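Student: What follows is a structure written as structure tokens; I'll ask about it next.
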Amino acid sequence: MKSKILLSIFTLCLFISSVNSQDSKNISKYDPNELFNPIFYKEHGNQLRTGNGEPGSAYWQNRADYNLQATLNEEADEINAITTLTYTNNSPHQLNFLWFQLDQNLYNSTSRGFAKLPVNGNSRYGDSKSSFEGGYTISSVKILTISSGKNTEISIEPYITDTRMRIDLPKILKAGGDKVVVKISYSFKIPEYGADRMGILKTNDGKIYAIAQWYPRICVFDDIQGWNTLPYLGASEFYLEYGNFEASLTAPSNHVVVASGELLNASEVLTPVQLSRYNKAKTTDSTIIIRSEDDINNLSPNLSKPTLTWKFKILNARDFAWASSGSFIWDAARINLPSGKKAMAQSAYPRSSNGSDAWGRSTEYAKASIENYSKRWFEYPYPAAINVASNVGGMEYPGIVFCGSRAKNESLWGVTDHELGHTWFPMIVGSNERKYGWMDEGFNTFINDIASRDFNNGEYAAENMDAHAMAKYLYGDKTESILKTPDALRESNIGLSLYMKPGYALTLLREQIIGEKTFDAAFKKYIRDWAYKHPSPWDFFRSIESSVGEDLGWFWKGMIIENWRLDQSISKVEYVKNNPKNGAIITIDNLEKLAMPVILEYVTSSGKKARLKLPVEVWQNSVSAKVKIPTTEELSLVEIDPDKVFPDYFPENNIWKDIKE
């Protein structure tokens with residue numbers, strides 16, 4: 001009997017639902033249970049990564065300290081080098097082998113990355129028609145010491161597959177702090193266009209070499225995956241360990257060499273005049289020319305030697321890059337940091353890039369960028385911040401960035417601020433760029449927008465985004481999820497999915513959902529907790545939620561993990577008991593799979609205007625919500641999201657107007 005009653009009720013509900021669906025003009029795709037699923041986190045926090053988004057008491061991370069020696073052969077466009085790596089196994093696991101990244105192997109026709117290039121043309125990451133054959137020539141791999149042993153110099157035959165190299169250790173590298181010292185000798189031809197990350201710019205005064213991904217880099221071994229050995233295909237960037245770097249870089253004697261970190265032997269490589277200017281730049285906020293246009297062609301005493309060796313050091317960094325050229329103008333100014341420490345903003349560029357509307361302001365931009373981010377988020381950790389004009393559109397490394405030599409005015413500010421902004425993501429907060437490009441590009445795009453408003457009284461501040469107009473671009477039929485790896489995205493979607501959408505998402509979270517003060521404090525804590533460590537997306541999600549006191553699973557699900565659209569609409573306006581003096585009831589619908597808070601503005605017949613803001617929880621259990629408006633007169637207009645801050649894909653149904661006969 002009971003089962004028959006339940007069946008009858010169920011049948012009646014189906015009938016009512018069917019009638020309502022047929023009568024409805026707008027059938028909703030929204031499922032509250034899907035968006036507000038209580039089991040958002042599939043795993044609990046633990047001693048490695050806690051439930052509140054912090055590194056746990058048992059968190060561990062391996063360490064990589066490098067001694068780098070390199071010689072630039074300008075005639076052959078070639079690097080000959082020796083890398084000595086001291087690798088510390090802080091993990092609780094013993095290691096039988098080590099994996100390295102050989103990024104230069106991308107630049108030959110047998111690489112997987114080359115195979116992905118479009119057949120009939122080029123892309124940002126290479127040219128399928130190029131005849132350049134690059135890649136490493138590894139002349140020797142030796143183990144110098146292992147497990148606190150004596151110098152042994154054991155030669156190892158490496159296993160190389162595409163852009164990875166494995167070396168099998170002669171004895172086990174024990175857990176908990178054991179060390180191994182590996183020495184690798186190698187050479188490679190420098191690609192003229194290195195996947196928009198390095199290359200050679202030809203100028204009338206000589207070549208500019210932007211050198212990056214140039215030494216075999218140890219892969220990250222972590223608690224999430226073990227060895228992270230995804231191949232380098234061009235689009236996805238890097239995931240690297242932290243350590244100290246010492247570098248000796250030998251170049252033609254007419255070159256200026258700039259690099260990650262502090263120049264250790266300025267008195268040996270600079271002329272007395274240049275040295276005086278260099279030291280003056282350390283003490284002044286104004287840009288000082290160290291090497292001028294006139295110096296490019298003037299012979300100096302150093303030119304009696306065919307080469308000079310420039311020495312650099314950078315501490316607690318994840319990478320090292322450099323640039324070298326005889327065509328450089330070189331200038332610098334002091335950076336003032338919140339703690340009272342000082343650093344140097346520097347720029348190196350050819351005379352063709354000079355000018356007050358171009359690279360003549362580069363150091364001003366770099367100084368302002370570093371000082372601003374240091375004050376807002378986390379203090380800049382390196383002794384120098386160097387901007388290099390090159391044929392690279394924009395690429396970042398610790399303490400040094402490469403930007404397009406033709407950039408001017410707003411575009412030069414934008415690329416300089418963006419690339420130096422990467423100091424915080426991923427140079428300080430070392431997320432896995434190879435998998436989660438949005439955690440460096442998107443986070444950086446977010447802080448860049450704030451920085452542009454801060455710089456020089458908003459000289460280059462962007463206009464407020466019309467999110468309604470942008471929604472069809474952000475969430476069109478061909479767009480893809482933010483969470484996809486860069487290599488898996490269509491190249492045309494990389495700028496959208498990794499930069500714009502996550503940058504906008506964080507801005508939305510900060511300005512409309514959490515509040516600027518609360519969000520900024522949470523974001524700063526996330527940076528502080530994960531500085532020089534390896535957070536996952538889930539660590540970020542948990543960290544923000546813990547700080548702001550909100551369950552944001554619905555936001556991460558809809559905005560980051562999925563590619564869902566938002567469509568809020570007004571379906572009905574009616575008066576209580578058909579009398580405007582009793583107030584009005586507005587029925588709003590959520591028609592797409594994403595949900596957001598609701599900003600409702602209404603105007604009365606006498607012209608009075610007011611707003612209501614409804615929390616996202618109004619969508620927790622229904623596709624429709626009724627809102628009572630405390631008015632005593634007729635309404636002339638009701639509008640959802642009048643400031644156009646939410647990404648409403650179909651804003652045409654956001655407005656109701658009273659139409660009189």
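In the structure tokens, the first chain shown is A, the next is B, and so on; residue numbers restart at 1 for each chain, and ligands run from 1 in the order shown.
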Counting only C-alpha atoms, give me one row per residue of segment 463-536 of chain A with an atom at most 12 Å from an atom of segment 242-249 of chain A, showing the shortest contact pair and its distance in Å to one decimal, sorted by chain then residue number, as a tab-separated table.
Tutor:
```
residue	atom	partner	partner_atom	distance
A:Ala531	CA	A:Tyr242	CA	10.7
A:Tyr532	CA	A:Tyr242	CA	6.9
A:Lys533	CA	A:Tyr242	CA	8.2
A:His534	CA	A:Tyr242	CA	10.0
```
Student: Compile the contact shell of segment 361-372 of chain A as a compact mmCIF listing (two decimals) with all heavy atoms, in the first residue's frame: residues with an atom at most 9 Å away, counting only C-alpha atoms, same-chain residues fewer than 2 positions apart removed.
Tutor:
```txt
# COMPACT_ATOMS: atom_id res chain seq x y z
N ASP A 285 67.72 56.76 -6.89
CA ASP A 285 66.43 56.36 -7.45
C ASP A 285 66.28 56.74 -8.91
O ASP A 285 65.33 56.33 -9.57
CB ASP A 285 65.30 56.99 -6.64
CG ASP A 285 65.21 56.43 -5.23
OD1 ASP A 285 65.51 55.24 -5.05
OD2 ASP A 285 64.85 57.18 -4.30
N SER A 286 67.17 57.56 -9.41
CA SER A 286 67.14 57.97 -10.82
C SER A 286 67.93 56.98 -11.66
O SER A 286 68.90 56.38 -11.20
CB SER A 286 67.73 59.37 -10.98
OG SER A 286 67.02 60.32 -10.21
N THR A 287 67.51 56.81 -12.90
CA THR A 287 68.20 55.88 -13.80
C THR A 287 69.57 56.42 -14.19
O THR A 287 69.69 57.56 -14.65
CB THR A 287 67.36 55.64 -15.06
OG1 THR A 287 66.09 55.09 -14.68
CG2 THR A 287 68.06 54.68 -16.01
N ASP A 331 71.64 50.38 -18.22
CA ASP A 331 71.37 51.38 -17.19
C ASP A 331 70.78 50.72 -15.96
O ASP A 331 70.41 49.54 -15.97
CB ASP A 331 70.49 52.51 -17.73
CG ASP A 331 69.09 52.06 -18.14
OD1 ASP A 331 68.51 51.20 -17.46
OD2 ASP A 331 68.56 52.60 -19.14
N ALA A 332 70.70 51.49 -14.86
CA ALA A 332 70.27 50.90 -13.60
C ALA A 332 69.81 51.97 -12.62
O ALA A 332 70.11 53.16 -12.79
CB ALA A 332 71.40 50.07 -12.98
N ALA A 333 69.09 51.55 -11.58
CA ALA A 333 68.67 52.42 -10.49
C ALA A 333 68.44 51.57 -9.25
O ALA A 333 68.28 50.34 -9.34
CB ALA A 333 67.39 53.19 -10.86
N ARG A 334 68.39 52.23 -8.11
CA ARG A 334 68.19 51.53 -6.85
C ARG A 334 66.73 51.12 -6.67
O ARG A 334 65.81 51.87 -7.02
CB ARG A 334 68.61 52.45 -5.70
CG ARG A 334 68.43 51.86 -4.30
CD ARG A 334 68.85 52.86 -3.23
NE ARG A 334 67.99 54.05 -3.25
CZ ARG A 334 68.29 55.18 -2.62
NH1 ARG A 334 69.43 55.30 -1.96
NH2 ARG A 334 67.45 56.21 -2.66
N ILE A 335 66.53 49.95 -6.10
CA ILE A 335 65.20 49.49 -5.67
C ILE A 335 65.15 49.56 -4.15
O ILE A 335 66.06 49.07 -3.46
CB ILE A 335 64.94 48.04 -6.13
CG1 ILE A 335 64.88 47.94 -7.65
CG2 ILE A 335 63.65 47.50 -5.51
CD1 ILE A 335 64.80 46.52 -8.18
N ASN A 336 64.10 50.17 -3.62
CA ASN A 336 63.92 50.31 -2.18
C ASN A 336 62.89 49.29 -1.70
O ASN A 336 61.75 49.32 -2.15
CB ASN A 336 63.46 51.72 -1.84
CG ASN A 336 64.42 52.78 -2.37
OD1 ASN A 336 65.58 52.83 -1.99
ND2 ASN A 336 63.92 53.62 -3.28
N LEU A 337 63.29 48.42 -0.80
CA LEU A 337 62.42 47.35 -0.33
C LEU A 337 61.86 47.67 1.05
O LEU A 337 62.48 48.42 1.82
CB LEU A 337 63.19 46.03 -0.33
CG LEU A 337 63.71 45.60 -1.71
CD1 LEU A 337 64.60 44.38 -1.60
CD2 LEU A 337 62.55 45.34 -2.67
N PRO A 338 60.70 47.12 1.41
CA PRO A 338 60.04 47.47 2.67
C PRO A 338 60.89 47.25 3.91
O PRO A 338 60.77 48.00 4.88
CB PRO A 338 58.80 46.56 2.68
CG PRO A 338 58.52 46.30 1.25
CD PRO A 338 59.86 46.23 0.58
N MET A 344 68.87 46.28 -7.22
CA MET A 344 69.11 47.11 -8.40
C MET A 344 68.18 46.73 -9.53
O MET A 344 68.09 45.56 -9.91
CB MET A 344 70.56 46.97 -8.89
CG MET A 344 71.60 47.69 -8.06
SD MET A 344 73.24 47.52 -8.81
CE MET A 344 73.10 48.65 -10.19
N ALA A 345 67.46 47.73 -10.07
CA ALA A 345 66.72 47.55 -11.32
C ALA A 345 67.68 47.88 -12.46
O ALA A 345 68.36 48.91 -12.42
CB ALA A 345 65.52 48.46 -11.36
N GLN A 346 67.74 47.00 -13.44
CA GLN A 346 68.67 47.20 -14.56
C GLN A 346 67.97 46.91 -15.87
O GLN A 346 67.02 46.11 -15.93
CB GLN A 346 69.88 46.27 -14.43
CG GLN A 346 70.65 46.41 -13.12
CD GLN A 346 71.77 45.40 -13.01
OE1 GLN A 346 72.44 45.06 -14.00
NE2 GLN A 346 72.00 44.89 -11.80
N SER A 347 68.45 47.54 -16.93
CA SER A 347 67.95 47.27 -18.28
C SER A 347 69.12 47.19 -19.24
O SER A 347 70.09 47.94 -19.12
CB SER A 347 66.99 48.37 -18.74
OG SER A 347 65.86 48.43 -17.90
N ALA A 348 69.02 46.26 -20.20
CA ALA A 348 70.04 46.09 -21.23
C ALA A 348 69.32 46.01 -22.57
O ALA A 348 68.47 45.13 -22.75
CB ALA A 348 70.87 44.83 -20.96
N ASN A 354 66.23 52.35 -27.84
CA ASN A 354 66.36 53.47 -26.92
C ASN A 354 65.27 54.51 -27.18
O ASN A 354 64.65 54.53 -28.24
CB ASN A 354 67.74 54.10 -27.06
CG ASN A 354 68.13 54.93 -25.85
OD1 ASN A 354 67.39 54.98 -24.86
ND2 ASN A 354 69.28 55.58 -25.92
N GLY A 355 65.06 55.37 -26.20
CA GLY A 355 64.09 56.45 -26.37
C GLY A 355 63.22 56.62 -25.15
O GLY A 355 62.94 55.66 -24.43
N SER A 356 62.77 57.84 -24.92
CA SER A 356 61.95 58.13 -23.74
C SER A 356 60.56 57.51 -23.84
O SER A 356 59.85 57.43 -22.84
CB SER A 356 61.83 59.64 -23.55
OG SER A 356 61.23 60.24 -24.70
N ASP A 357 60.16 57.10 -25.03
CA ASP A 357 58.87 56.41 -25.19
C ASP A 357 59.06 54.90 -25.29
O ASP A 357 58.11 54.18 -25.57
CB ASP A 357 58.14 56.92 -26.43
CG ASP A 357 58.88 56.61 -27.72
OD1 ASP A 357 60.11 56.32 -27.66
OD2 ASP A 357 58.25 56.67 -28.79
N ALA A 358 60.29 54.45 -25.06
CA ALA A 358 60.58 53.02 -25.22
C ALA A 358 61.47 52.56 -24.06
O ALA A 358 61.17 52.81 -22.90
CB ALA A 358 61.23 52.78 -26.58
N TRP A 359 62.60 51.92 -24.39
CA TRP A 359 63.40 51.27 -23.36
C TRP A 359 64.14 52.24 -22.46
O TRP A 359 64.70 51.83 -21.44
CB TRP A 359 64.34 50.26 -24.00
CG TRP A 359 63.64 48.97 -24.31
CD1 TRP A 359 62.78 48.73 -25.34
CD2 TRP A 359 63.70 47.77 -23.55
NE1 TRP A 359 62.30 47.45 -25.28
CE2 TRP A 359 62.86 46.83 -24.20
CE3 TRP A 359 64.39 47.38 -22.41
CZ2 TRP A 359 62.69 45.54 -23.72
CZ3 TRP A 359 64.23 46.09 -21.92
CH2 TRP A 359 63.38 45.18 -22.58
N SER A 374 56.56 44.19 -3.84
CA SER A 374 57.19 43.93 -2.55
C SER A 374 56.35 44.50 -1.42
O SER A 374 56.24 43.91 -0.34
CB SER A 374 58.59 44.56 -2.52
OG SER A 374 59.45 43.93 -3.44
N LYS A 375 55.77 45.66 -1.65
CA LYS A 375 54.94 46.31 -0.63
C LYS A 375 53.59 45.60 -0.50
O LYS A 375 53.10 45.39 0.61
CB LYS A 375 54.73 47.78 -1.00
CG LYS A 375 53.90 48.56 0.00
CD LYS A 375 53.76 50.01 -0.43
CE LYS A 375 52.91 50.82 0.54
NZ LYS A 375 52.76 52.23 0.11
N ARG A 376 53.00 45.22 -1.62
CA ARG A 376 51.65 44.64 -1.59
C ARG A 376 51.64 43.19 -1.13
O ARG A 376 50.72 42.77 -0.41
CB ARG A 376 51.02 44.71 -2.98
CG ARG A 376 50.28 46.01 -3.25
CD ARG A 376 49.38 45.85 -4.46
NE ARG A 376 48.54 47.02 -4.66
CZ ARG A 376 47.36 47.21 -4.07
NH1 ARG A 376 46.90 46.30 -3.23
NH2 ARG A 376 46.66 48.29 -4.31
N TRP A 377 52.63 42.39 -1.57
CA TRP A 377 52.48 40.95 -1.41
C TRP A 377 53.60 40.29 -0.61
O TRP A 377 53.35 39.63 0.39
CB TRP A 377 52.37 40.29 -2.79
CG TRP A 377 51.31 40.88 -3.65
CD1 TRP A 377 51.47 41.53 -4.84
CD2 TRP A 377 49.89 40.90 -3.40
NE1 TRP A 377 50.26 41.95 -5.35
CE2 TRP A 377 49.26 41.57 -4.49
CE3 TRP A 377 49.08 40.41 -2.38
CZ2 TRP A 377 47.90 41.76 -4.57
CZ3 TRP A 377 47.71 40.61 -2.46
CH2 TRP A 377 47.13 41.27 -3.54
N GLU A 379 58.20 40.54 -0.06
CA GLU A 379 59.40 41.30 -0.45
C GLU A 379 60.24 40.57 -1.50
O GLU A 379 60.47 39.36 -1.41
CB GLU A 379 60.26 41.60 0.78
CG GLU A 379 61.45 42.50 0.46
CD GLU A 379 62.08 43.11 1.70
OE1 GLU A 379 61.43 43.98 2.31
OE2 GLU A 379 63.21 42.70 2.04
N TYR A 380 60.72 41.35 -2.45
CA TYR A 380 61.56 40.82 -3.53
C TYR A 380 62.84 40.24 -2.92
O TYR A 380 63.52 40.90 -2.13
CB TYR A 380 61.90 41.95 -4.50
CG TYR A 380 62.66 41.52 -5.73
CD1 TYR A 380 62.01 40.86 -6.77
CD2 TYR A 380 64.03 41.79 -5.88
CE1 TYR A 380 62.69 40.47 -7.91
CE2 TYR A 380 64.72 41.41 -7.01
CZ TYR A 380 64.05 40.75 -8.03
OH TYR A 380 64.72 40.37 -9.17
N ALA A 385 67.04 43.05 -10.52
CA ALA A 385 65.90 42.75 -11.40
C ALA A 385 66.24 43.35 -12.75
O ALA A 385 66.28 44.57 -12.90
CB ALA A 385 64.62 43.34 -10.84
N ILE A 386 66.50 42.51 -13.73
CA ILE A 386 67.07 42.95 -15.00
C ILE A 386 66.10 42.70 -16.14
O ILE A 386 65.57 41.59 -16.29
CB ILE A 386 68.40 42.20 -15.28
CG1 ILE A 386 69.36 42.37 -14.09
CG2 ILE A 386 69.04 42.70 -16.56
CD1 ILE A 386 70.51 41.40 -14.09
N ASN A 387 65.89 43.72 -16.96
CA ASN A 387 65.04 43.61 -18.13
C ASN A 387 65.92 43.66 -19.37
O ASN A 387 66.70 44.61 -19.56
CB ASN A 387 64.02 44.76 -18.16
CG ASN A 387 62.89 44.51 -19.13
OD1 ASN A 387 62.70 43.40 -19.62
ND2 ASN A 387 62.11 45.55 -19.43
N ASN A 409 56.05 52.39 -24.61
CA ASN A 409 54.97 52.96 -23.81
C ASN A 409 54.20 51.90 -23.04
O ASN A 409 54.78 51.14 -22.27
CB ASN A 409 54.05 53.79 -24.72
CG ASN A 409 54.77 54.97 -25.34
OD1 ASN A 409 55.53 55.66 -24.67
ND2 ASN A 409 54.54 55.22 -26.62
N LEU A 412 55.37 48.26 -23.31
CA LEU A 412 56.62 47.97 -22.60
C LEU A 412 56.36 47.91 -21.10
O LEU A 412 56.89 47.03 -20.41
CB LEU A 412 57.68 49.02 -22.90
CG LEU A 412 59.02 48.79 -22.20
CD1 LEU A 412 59.62 47.44 -22.55
CD2 LEU A 412 60.01 49.91 -22.53
N TRP A 413 55.55 48.84 -20.58
CA TRP A 413 55.18 48.74 -19.17
C TRP A 413 54.50 47.40 -18.90
O TRP A 413 54.83 46.69 -17.94
CB TRP A 413 54.24 49.88 -18.74
CG TRP A 413 53.41 49.50 -17.55
CD1 TRP A 413 52.11 49.12 -17.53
CD2 TRP A 413 53.86 49.41 -16.18
NE1 TRP A 413 51.70 48.80 -16.25
CE2 TRP A 413 52.76 48.97 -15.40
CE3 TRP A 413 55.08 49.65 -15.55
CZ2 TRP A 413 52.84 48.78 -14.03
CZ3 TRP A 413 55.16 49.46 -14.17
CH2 TRP A 413 54.06 49.03 -13.43
N THR A 416 56.93 44.37 -19.12
CA THR A 416 57.92 44.43 -18.05
C THR A 416 57.29 44.06 -16.72
O THR A 416 57.82 43.24 -15.96
CB THR A 416 58.53 45.85 -17.96
OG1 THR A 416 59.16 46.17 -19.20
CG2 THR A 416 59.55 45.94 -16.83
N ASP A 417 56.15 44.66 -16.43
CA ASP A 417 55.47 44.39 -15.17
C ASP A 417 55.00 42.95 -15.10
O ASP A 417 55.08 42.31 -14.04
CB ASP A 417 54.28 45.34 -15.00
CG ASP A 417 53.58 45.16 -13.68
OD1 ASP A 417 54.20 45.45 -12.64
OD2 ASP A 417 52.40 44.74 -13.67
N HIS A 418 54.54 42.42 -16.22
CA HIS A 418 54.08 41.03 -16.23
C HIS A 418 55.23 40.07 -15.97
O HIS A 418 55.13 39.18 -15.11
CB HIS A 418 53.40 40.69 -17.55
CG HIS A 418 52.94 39.27 -17.64
ND1 HIS A 418 51.76 38.83 -17.08
CD2 HIS A 418 53.51 38.18 -18.20
CE1 HIS A 418 51.61 37.54 -17.30
NE2 HIS A 418 52.67 37.11 -17.98
N LEU A 420 58.24 40.61 -14.68
CA LEU A 420 58.80 40.75 -13.33
C LEU A 420 57.80 40.30 -12.28
O LEU A 420 58.18 39.83 -11.20
CB LEU A 420 59.23 42.20 -13.08
CG LEU A 420 60.48 42.63 -13.83
CD1 LEU A 420 60.74 44.11 -13.65
CD2 LEU A 420 61.71 41.82 -13.40
N GLY A 421 56.50 40.41 -12.58
CA GLY A 421 55.49 39.89 -11.66
C GLY A 421 55.61 38.39 -11.46
O GLY A 421 55.21 37.85 -10.42
N THR A 423 58.13 36.94 -10.72
CA THR A 423 58.99 36.69 -9.56
C THR A 423 58.19 36.04 -8.44
O THR A 423 58.68 35.15 -7.74
CB THR A 423 59.61 38.00 -9.06
OG1 THR A 423 60.38 38.59 -10.11
CG2 THR A 423 60.51 37.75 -7.86
N ALA A 451 48.59 46.36 -10.24
CA ALA A 451 49.81 47.14 -10.36
C ALA A 451 49.67 48.26 -11.37
O ALA A 451 50.21 49.37 -11.18
CB ALA A 451 50.98 46.23 -10.76
N ASP A 454 48.16 51.08 -9.79
CA ASP A 454 49.07 51.71 -8.83
C ASP A 454 50.12 52.58 -9.51
O ASP A 454 50.55 53.60 -8.95
CB ASP A 454 49.79 50.63 -8.01
CG ASP A 454 48.87 49.89 -7.06
OD1 ASP A 454 47.79 50.42 -6.74
OD2 ASP A 454 49.24 48.78 -6.63
N PHE A 455 50.59 52.19 -10.70
CA PHE A 455 51.76 52.83 -11.29
C PHE A 455 51.47 54.25 -11.76
O PHE A 455 50.56 54.50 -12.55
CB PHE A 455 52.27 52.00 -12.49
CG PHE A 455 53.40 52.67 -13.23
CD1 PHE A 455 54.64 52.83 -12.63
CD2 PHE A 455 53.22 53.16 -14.52
CE1 PHE A 455 55.67 53.47 -13.30
CE2 PHE A 455 54.24 53.78 -15.19
CZ PHE A 455 55.48 53.94 -14.58
N ASN A 456 52.28 55.17 -11.26
CA ASN A 456 52.30 56.56 -11.74
C ASN A 456 50.88 57.14 -11.85
O ASN A 456 50.50 57.69 -12.89
CB ASN A 456 53.02 56.63 -13.09
CG ASN A 456 53.50 58.03 -13.41
OD1 ASN A 456 53.68 58.85 -12.52
ND2 ASN A 456 53.71 58.30 -14.69
```
Student: Per residue of segment 532-605 of chain A within 10 Å of segment 23-43 of chain A, which atom pair is closest and at what distance in Å (one decimal), using only C-alpha atoms, listed by chain and increasing number, as a Markdown table?
Tutor:
```
| residue | atom | partner | partner_atom | distance |
| --- | --- | --- | --- | --- |
| A:Trp538 | CA | A:Tyr41 | CA | 7.9 |
| A:Phe541 | CA | A:Tyr41 | CA | 9.6 |
| A:Arg542 | CA | A:Tyr41 | CA | 9.0 |
| A:Asp551 | CA | A:Pro38 | CA | 9.5 |
| A:Leu552 | CA | A:Phe36 | CA | 9.3 |
| A:Gly553 | CA | A:Phe40 | CA | 5.9 |
| A:Trp554 | CA | A:Leu35 | CA | 5.3 |
| A:Phe555 | CA | A:Leu35 | CA | 8.4 |
| A:Trp556 | CA | A:Phe40 | CA | 9.2 |
| A:Lys557 | CA | A:Leu35 | CA | 6.8 |
| A:Gly558 | CA | A:Leu35 | CA | 7.0 |
| A:Arg565 | CA | A:Tyr30 | CA | 9.9 |
| A:Leu566 | CA | A:Tyr30 | CA | 9.5 |
| A:Asp567 | CA | A:Ser28 | CA | 9.3 |
| A:Ser569 | CA | A:Asn26 | CA | 9.3 |
| A:Ser571 | CA | A:Asn26 | CA | 8.8 |
| A:Asp589 | CA | A:Ser28 | CA | 7.9 |
| A:Asn590 | CA | A:Tyr30 | CA | 6.5 |
| A:Leu591 | CA | A:Ser28 | CA | 4.1 |
| A:Glu592 | CA | A:Lys29 | CA | 5.0 |
| A:Lys593 | CA | A:Tyr30 | CA | 4.3 |
| A:Leu594 | CA | A:Tyr30 | CA | 7.1 |
| A:Ala595 | CA | A:Leu35 | CA | 7.9 |
```
Student: To test your reading of the structure, identify every residue in segment 250-448 of chain A that backbone DSSP assigns to strand (DSSP E), and report it as an NGL selection string.
Tutor: :A and (250-252 or 256-259 or 262-263 or 288-291 or 307-317 or 322-325 or 329-336 or 342-349 or 384-390 or 394-397 or 400-404)
Student: Write out as a PDB file with C-alpha atoms, in the first residue's frame the residues lying within 6 Å of segment 130-140 of chain A, counting only C-alpha atoms and excluding same-chain residues fewer than 5 positions away.
Tutor:
```
ATOM      1  CA  GLN A 104      67.412  22.168 -25.673  1.00  0.00           C
ATOM      2  CA  ASN A 105      66.396  18.856 -27.224  1.00  0.00           C
ATOM      3  CA  TYR A 107      64.929  22.307 -30.954  1.00  0.00           C
ATOM      4  CA  ASN A 108      65.454  19.446 -33.353  1.00  0.00           C
ATOM      5  CA  ILE A 184      77.806  17.112 -16.760  1.00  0.00           C
ATOM      6  CA  SER A 185      79.825  18.432 -19.705  1.00  0.00           C
ATOM      7  CA  TYR A 186      77.882  19.456 -22.794  1.00  0.00           C
ATOM      8  CA  SER A 187      77.384  21.885 -25.657  1.00  0.00           C
ATOM      9  CA  PHE A 188      74.566  23.082 -27.901  1.00  0.00           C
ATOM     10  CA  LYS A 189      73.799  25.395 -30.786  1.00  0.00           C
TER      11      LYS A 189
END
```
Student: At a cut-off of 12 Å, using only C-alpha atoms, what residues contact Ser606 of chain A? Leave out same-chain residues fewer than 3 positions from it and give the result as a list in words.
Tutor: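 The contact residues come out as Tyr602, Val603, Lys609, Thr631, Thr632, Glu633, Glu634, Leu635, Ser636 and Leu637 of chain A.
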Student: Could the residues in this selection be saved with N, CA and C atoms as a PDB file, in the first residue's frame?
Tutor:
```
ATOM      1  N   TYR A 602      16.818  48.290  -8.759  1.00  0.00           N
ATOM      2  CA  TYR A 602      15.455  48.606  -9.200  1.00  0.00           C
ATOM      3  C   TYR A 602      15.231  50.110  -9.127  1.00  0.00           C
ATOM      4  N   VAL A 603      14.363  50.590 -10.023  1.00  0.00           N
ATOM      5  CA  VAL A 603      14.012  52.000 -10.104  1.00  0.00           C
ATOM      6  C   VAL A 603      12.493  52.102 -10.005  1.00  0.00           C
ATOM      7  N   LYS A 609      16.124  54.980  -6.836  1.00  0.00           N
ATOM      8  CA  LYS A 609      16.931  53.830  -7.251  1.00  0.00           C
ATOM      9  C   LYS A 609      17.531  53.169  -6.012  1.00  0.00           C
ATOM     10  N   THR A 631       9.248  48.210  -1.798  1.00  0.00           N
ATOM     11  CA  THR A 631       8.807  49.449  -2.435  1.00  0.00           C
ATOM     12  C   THR A 631       7.336  49.727  -2.106  1.00  0.00           C
ATOM     13  N   THR A 632       6.951  50.987  -2.171  1.00  0.00           N
ATOM     14  CA  THR A 632       5.539  51.349  -1.958  1.00  0.00           C
ATOM     15  C   THR A 632       4.942  51.975  -3.206  1.00  0.00           C
ATOM     16  N   GLU A 633       5.676  51.863  -4.300  1.00  0.00           N
ATOM     17  CA  GLU A 633       5.172  52.385  -5.568  1.00  0.00           C
ATOM     18  C   GLU A 633       5.566  51.445  -6.699  1.00  0.00           C
ATOM     19  N   GLU A 634       5.027  51.705  -7.851  1.00  0.00           N
ATOM     20  CA  GLU A 634       5.305  50.846  -8.998  1.00  0.00           C
ATOM     21  C   GLU A 634       6.778  50.918  -9.388  1.00  0.00           C
ATOM     22  N   LEU A 635       7.227  49.820  -9.980  1.00  0.00           N
ATOM     23  CA  LEU A 635       8.597  49.759 -10.486  1.00  0.00           C
ATOM     24  C   LEU A 635       8.601  50.110 -11.965  1.00  0.00           C
ATOM     25  N   SER A 636       9.616  50.859 -12.379  1.00  0.00           N
ATOM     26  CA  SER A 636       9.763  51.154 -13.804  1.00  0.00           C
ATOM     27  C   SER A 636      10.855  50.310 -14.445  1.00  0.00           C
ATOM     28  N   LEU A 637      11.823  49.856 -13.617  1.00  0.00           N
ATOM     29  CA  LEU A 637      12.927  49.057 -14.163  1.00  0.00           C
ATOM     30  C   LEU A 637      13.521  48.188 -13.074  1.00  0.00           C
TER      31      LEU A 637
END
```
